[in-house]
Amino acid sequence: MSNQEPIANYKFNYKTTANKVMKNINLSGKTIIITGGYSGIGLEMTKQLSHAGAKIIVPARRMEVAKKNLSKIKKIDILPLDLTNPESIHQFAESFLQNNSKLDILINSAGLMYLPLKRNSQGIEYHFATNHLGHYQLTMELLPALKNAKNSRVINLSSRAQQMTPLLEDWNFEKIENYNPQIGYQQSKTANVLFSIKLDELGKKYGIRSFAVHPGMIPMTNIGR
């Protein structure tokens with residue numbers, strides 16, 4: 001892994017608005033899935049990418065909230081998906097592949113943070129199950145459509161938290177008596193980055209590029225809900 005370097009003469013900075021970034025960008029004919037696309041950063045992405053002409057599909061665990069938040073946005077399909085439930089993920093991916101030949105962009109934006117110790121139906125710690133494993137399964141099941149796009153992108157929303165905790169040997173917290181929610185979250189973000197790097201390495205020959213994107217410190221989202 002190489003160190004990151006600043007991009008010379010980069011025209012955007014922390015003051016740049018989403019409107020400015022998307023100015024003159026035309027995404028007509030593109031199909032995009034945005035997990036968490038009805039809240040926080042994901043909602044803003046949905047607004048901007050839809051305005052640019054893309055067809056947006058928003059998977060949602062809280063369907064009523066998603067329908068309310070997205071009611072004024074055009075070209076939106078809202079489909080049920082619970083990232084902690086492997087069967088729910090499979091059903092969503094299967095339905096998408098039956099109705100769509102390609103997927104141009106997959107944005108894995110949904111996430112949760114700093115929960116007390118909780119496990120999904122498979123016994124997996126919730127941060128890891130949702131933030132990493134759920135998105136990993138979703139991405140793998142959607143690979144046929146990503147390949148068919150010939151020039152697709154997978155964006156995994158990461159965090160500077162990945163700098164604080166590596167992928168633990170006891171990643172599922174089987175032996176740790178005093179569970180720390182911060183470590184649970186931080187580890188899941190490290191997994192997002194590692195997954196992005198490997199997917200990019202293996203996906204290049206199929207026209208799939210993968211990126212882990214830290215959105216910056218944005219306190220006014222619902223991730224701390």
# chains A, B, ... in the order shown; residues from 1 in each chain; ligands from 1
>>> closest_atom_pairs(of="stretch 82-122 of chain A", to="stretch 45-64 of chain A", cutoff="9 Å", atoms="only C-alpha atoms", output="tab-separated table")
residue	atom	partner	partner_atom	distance
A:Asp82	CA	A:Arg61	CA	5.1
A:Leu83	CA	A:Arg61	CA	7.9
A:Phe92	CA	A:Pro59	CA	8.0
>>> write_last_selection(atoms="N, CA and C atoms", output="tab-separated table (two decimals), in the first residue's frame")
chain	number	residue	atom	x	y	z
A	82	ASP	N	-31.97	-5.22	4.46
A	82	ASP	CA	-31.41	-5.18	5.80
A	82	ASP	C	-29.99	-5.73	5.71
A	83	LEU	N	-28.99	-4.87	5.89
A	83	LEU	CA	-27.60	-5.28	5.72
A	83	LEU	C	-27.11	-6.24	6.78
A	92	PHE	N	-32.46	-8.88	-2.34
A	92	PHE	CA	-32.31	-7.59	-3.02
A	92	PHE	C	-31.46	-7.74	-4.28
>>> closest_residue(among="A:Leu97, A:Leu168, A:Leu79, A:Ile183", to="A:Met113", atoms="only C-alpha atoms")
A:Ile183
>>> closest_atom_pairs(of="stretch 134-211 of chain A", to="stretch 16-30 of chain A", cutoff="12 Å", atoms="only C-alpha atoms", output="tab-separated table")
residue	atom	partner	partner_atom	distance
A:Leu146	CA	A:Lys30	CA	11.7
A:Ala149	CA	A:Lys30	CA	9.2
A:Asn151	CA	A:Lys30	CA	10.9
A:Ser152	CA	A:Lys30	CA	9.9
A:Arg153	CA	A:Lys30	CA	11.3
>>> residues_around(residues="A:Ile124", least_positions_apart="6", cutoff="10 Å", atoms="only C-alpha atoms", output="list in words")
Thr84, Lys118, Thr130, Leu133, Trp171, Asn172, Phe173 and Glu174 of chain A
>>> select_by_dssp(residues="chain A", states="strand (DSSP E)", output="PyMOL selection string")
chain A and resi 31-35+55-60+76-80+105-108+152-157+208-213
>>> residues_around(residues="A:Leu157", least_positions_apart="3", cutoff="8 Å", atoms="only C-alpha atoms", output="number ranges by chain")
A: 107-109, 192, 212-215
>>> write_last_selection(atoms="C-alpha atoms", output="short mmCIF file (atom, residue, chain, number, x, y, z; two decimals), in the first residue's frame")
data_model
loop_
_atom_site.label_atom_id
_atom_site.label_comp_id
_atom_site.auth_asym_id
_atom_site.auth_seq_id
_atom_site.Cartn_x
_atom_site.Cartn_y
_atom_site.Cartn_z
CA ILE A 107 -22.03 3.37 -3.29
CA ASN A 108 -21.86 1.54 0.04
CA SER A 109 -22.76 4.45 2.30
CA ASN A 192 -13.97 -1.27 4.41
CA ALA A 212 -12.54 3.84 -0.05
CA VAL A 213 -13.68 7.43 0.45
CA HIS A 214 -13.44 9.30 3.74
CA PRO A 215 -16.11 12.04 3.47
#
>>> closest_atom_pairs(of="stretch 54-164 of chain A", to="stretch 195-204 of chain A", cutoff="9 Å", atoms="only C-alpha atoms", output="Markdown table")
| residue | atom | partner | partner_atom | distance |
| --- | --- | --- | --- | --- |
| A:His132 | CA | A:Phe195 | CA | 8.4 |
| A:Tyr136 | CA | A:Phe195 | CA | 7.7 |
| A:Lys147 | CA | A:Gly203 | CA | 8.5 |
| A:Val154 | CA | A:Ser196 | CA | 8.0 |
| A:Ile155 | CA | A:Ser196 | CA | 7.9 |
| A:Asn156 | CA | A:Ser196 | CA | 6.8 |
>>> decode(residues="stretch 103-222 of chain A", atoms="C-alpha atoms", output="JSON list (two decimals), in the first residue's frame")
[["chain", "number", "residue", "atom", "x", "y", "z"],
["A", 103, "LEU", "CA", -24.77, -1.47, -12.55],
["A", 104, "ASP", "CA", -22.54, 1.54, -13.19],
["A", 105, "ILE", "CA", -21.92, 2.69, -9.63],
["A", 106, "LEU", "CA", -22.40, 1.03, -6.25],
["A", 107, "ILE", "CA", -22.03, 3.37, -3.29],
["A", 108, "ASN", "CA", -21.86, 1.54, 0.04],
["A", 109, "SER", "CA", -22.76, 4.45, 2.30],
["A", 110, "ALA", "CA", -25.03, 2.98, 4.98],
["A", 111, "GLY", "CA", -23.51, 2.48, 8.39],
["A", 112, "LEU", "CA", -23.93, 2.56, 12.13],
["A", 113, "MET", "CA", -21.64, 3.74, 14.86],
["A", 114, "TYR", "CA", -20.90, 3.19, 18.56],
["A", 115, "LEU", "CA", -23.63, 0.71, 19.43],
["A", 116, "PRO", "CA", -23.46, -1.32, 22.65],
["A", 117, "LEU", "CA", -22.52, -4.94, 21.95],
["A", 118, "LYS", "CA", -25.16, -6.46, 19.71],
["A", 119, "ARG", "CA", -25.07, -9.38, 17.28],
["A", 120, "ASN", "CA", -27.05, -10.29, 14.18],
["A", 121, "SER", "CA", -28.86, -13.60, 13.68],
["A", 122, "GLN", "CA", -25.57, -15.26, 12.72],
["A", 123, "GLY", "CA", -23.85, -14.12, 15.90],
["A", 124, "ILE", "CA", -21.73, -11.46, 14.17],
["A", 125, "GLU", "CA", -20.98, -8.22, 16.00],
["A", 126, "TYR", "CA", -23.26, -5.53, 14.59],
["A", 127, "HIS", "CA", -20.70, -2.96, 13.39],
["A", 128, "PHE", "CA", -18.78, -5.59, 11.45],
["A", 129, "ALA", "CA", -21.96, -7.27, 10.19],
["A", 130, "THR", "CA", -23.48, -4.04, 8.90],
["A", 131, "ASN", "CA", -20.61, -1.78, 7.90],
["A", 132, "HIS", "CA", -18.44, -4.47, 6.31],
["A", 133, "LEU", "CA", -19.91, -7.94, 5.83],
["A", 134, "GLY", "CA", -23.30, -6.70, 4.62],
["A", 135, "HIS", "CA", -21.69, -4.48, 2.01],
["A", 136, "TYR", "CA", -19.19, -7.19, 1.09],
["A", 137, "GLN", "CA", -21.99, -9.68, 0.36],
["A", 138, "LEU", "CA", -24.01, -7.08, -1.53],
["A", 139, "THR", "CA", -21.04, -6.15, -3.71],
["A", 140, "MET", "CA", -20.14, -9.76, -4.47],
["A", 141, "GLU", "CA", -23.71, -10.65, -5.43],
["A", 142, "LEU", "CA", -23.91, -7.64, -7.73],
["A", 143, "LEU", "CA", -20.62, -8.43, -9.51],
["A", 144, "PRO", "CA", -22.32, -9.68, -12.72],
["A", 145, "ALA", "CA", -24.00, -6.30, -13.21],
["A", 146, "LEU", "CA", -20.83, -4.40, -12.29],
["A", 147, "LYS", "CA", -18.89, -6.42, -14.88],
["A", 148, "ASN", "CA", -21.55, -5.82, -17.54],
["A", 149, "ALA", "CA", -21.17, -2.06, -17.11],
["A", 150, "LYS", "CA", -17.57, -2.44, -18.41],
["A", 151, "ASN", "CA", -16.50, 0.72, -16.58],
["A", 152, "SER", "CA", -18.06, 0.55, -13.13],
["A", 153, "ARG", "CA", -17.20, 1.99, -9.74],
["A", 154, "VAL", "CA", -17.62, 0.70, -6.18],
["A", 155, "ILE", "CA", -17.37, 3.38, -3.50],
["A", 156, "ASN", "CA", -17.06, 2.31, 0.13],
["A", 157, "LEU", "CA", -17.60, 5.13, 2.62],
["A", 158, "SER", "CA", -14.77, 4.91, 5.09],
["A", 159, "SER", "CA", -13.66, 7.09, 7.99],
["A", 160, "ARG", "CA", -10.53, 8.39, 9.62],
["A", 161, "ALA", "CA", -11.46, 5.92, 12.37],
["A", 162, "GLN", "CA", -9.67, 3.25, 10.32],
["A", 163, "GLN", "CA", -6.38, 4.87, 11.41],
["A", 164, "MET", "CA", -7.08, 3.97, 15.02],
["A", 165, "THR", "CA", -7.76, 0.22, 15.01],
["A", 166, "PRO", "CA", -6.47, -2.58, 12.74],
["A", 167, "LEU", "CA", -8.41, -5.69, 11.81],
["A", 168, "LEU", "CA", -8.36, -7.57, 15.11],
["A", 169, "GLU", "CA", -7.45, -11.23, 15.55],
["A", 170, "ASP", "CA", -10.57, -11.51, 17.71],
["A", 171, "TRP", "CA", -12.59, -9.57, 15.12],
["A", 172, "ASN", "CA", -15.93, -10.89, 16.41],
["A", 173, "PHE", "CA", -15.17, -10.03, 20.04],
["A", 174, "GLU", "CA", -15.52, -13.56, 21.34],
["A", 175, "LYS", "CA", -12.89, -13.14, 24.08],
["A", 176, "ILE", "CA", -13.10, -9.46, 25.02],
["A", 177, "GLU", "CA", -15.07, -9.04, 28.23],
["A", 178, "ASN", "CA", -15.33, -5.25, 28.19],
["A", 179, "TYR", "CA", -16.59, -4.49, 24.70],
["A", 180, "ASN", "CA", -15.65, -1.05, 23.35],
["A", 181, "PRO", "CA", -18.13, 0.26, 20.72],
["A", 182, "GLN", "CA", -15.51, 2.65, 19.34],
["A", 183, "ILE", "CA", -13.17, -0.22, 18.57],
["A", 184, "GLY", "CA", -16.03, -2.15, 16.98],
["A", 185, "TYR", "CA", -16.77, 0.76, 14.67],
["A", 186, "GLN", "CA", -13.13, 1.55, 13.93],
["A", 187, "GLN", "CA", -12.38, -2.06, 12.99],
["A", 188, "SER", "CA", -15.31, -2.15, 10.58],
["A", 189, "LYS", "CA", -13.98, 0.95, 8.82],
["A", 190, "THR", "CA", -10.54, -0.65, 8.51],
["A", 191, "ALA", "CA", -12.26, -3.63, 6.88],
["A", 192, "ASN", "CA", -13.97, -1.27, 4.41],
["A", 193, "VAL", "CA", -10.59, 0.08, 3.31],
["A", 194, "LEU", "CA", -8.95, -3.34, 3.00],
["A", 195, "PHE", "CA", -11.91, -4.64, 1.00],
["A", 196, "SER", "CA", -11.73, -1.64, -1.33],
["A", 197, "ILE", "CA", -8.04, -2.17, -2.02],
["A", 198, "LYS", "CA", -8.40, -5.87, -2.82],
["A", 199, "LEU", "CA", -11.54, -5.40, -4.90],
["A", 200, "ASP", "CA", -9.77, -2.76, -6.98],
["A", 201, "GLU", "CA", -6.80, -5.08, -7.50],
["A", 202, "LEU", "CA", -8.95, -8.01, -8.63],
["A", 203, "GLY", "CA", -11.63, -6.02, -10.44],
["A", 204, "LYS", "CA", -9.47, -3.97, -12.80],
["A", 205, "LYS", "CA", -9.46, -6.62, -15.52],
["A", 206, "TYR", "CA", -13.28, -6.53, -15.53],
["A", 207, "GLY", "CA", -13.46, -2.75, -15.70],
["A", 208, "ILE", "CA", -14.35, -2.44, -12.00],
["A", 209, "ARG", "CA", -12.51, 0.16, -9.93],
["A", 210, "SER", "CA", -12.99, 0.39, -6.19],
["A", 211, "PHE", "CA", -12.34, 3.27, -3.80],
["A", 212, "ALA", "CA", -12.54, 3.84, -0.05],
["A", 213, "VAL", "CA", -13.68, 7.43, 0.45],
["A", 214, "HIS", "CA", -13.44, 9.30, 3.74],
["A", 215, "PRO", "CA", -16.11, 12.04, 3.47],
["A", 216, "GLY", "CA", -14.51, 14.31, 6.05],
["A", 217, "MET", "CA", -15.72, 15.39, 9.45],
["A", 218, "ILE", "CA", -19.43, 16.06, 8.90],
["A", 219, "PRO", "CA", -21.21, 16.21, 12.29],
["A", 220, "MET", "CA", -24.74, 16.95, 11.06],
["A", 221, "THR", "CA", -25.63, 13.49, 9.79],
["A", 222, "ASN", "CA", -27.74, 10.78, 11.42]]
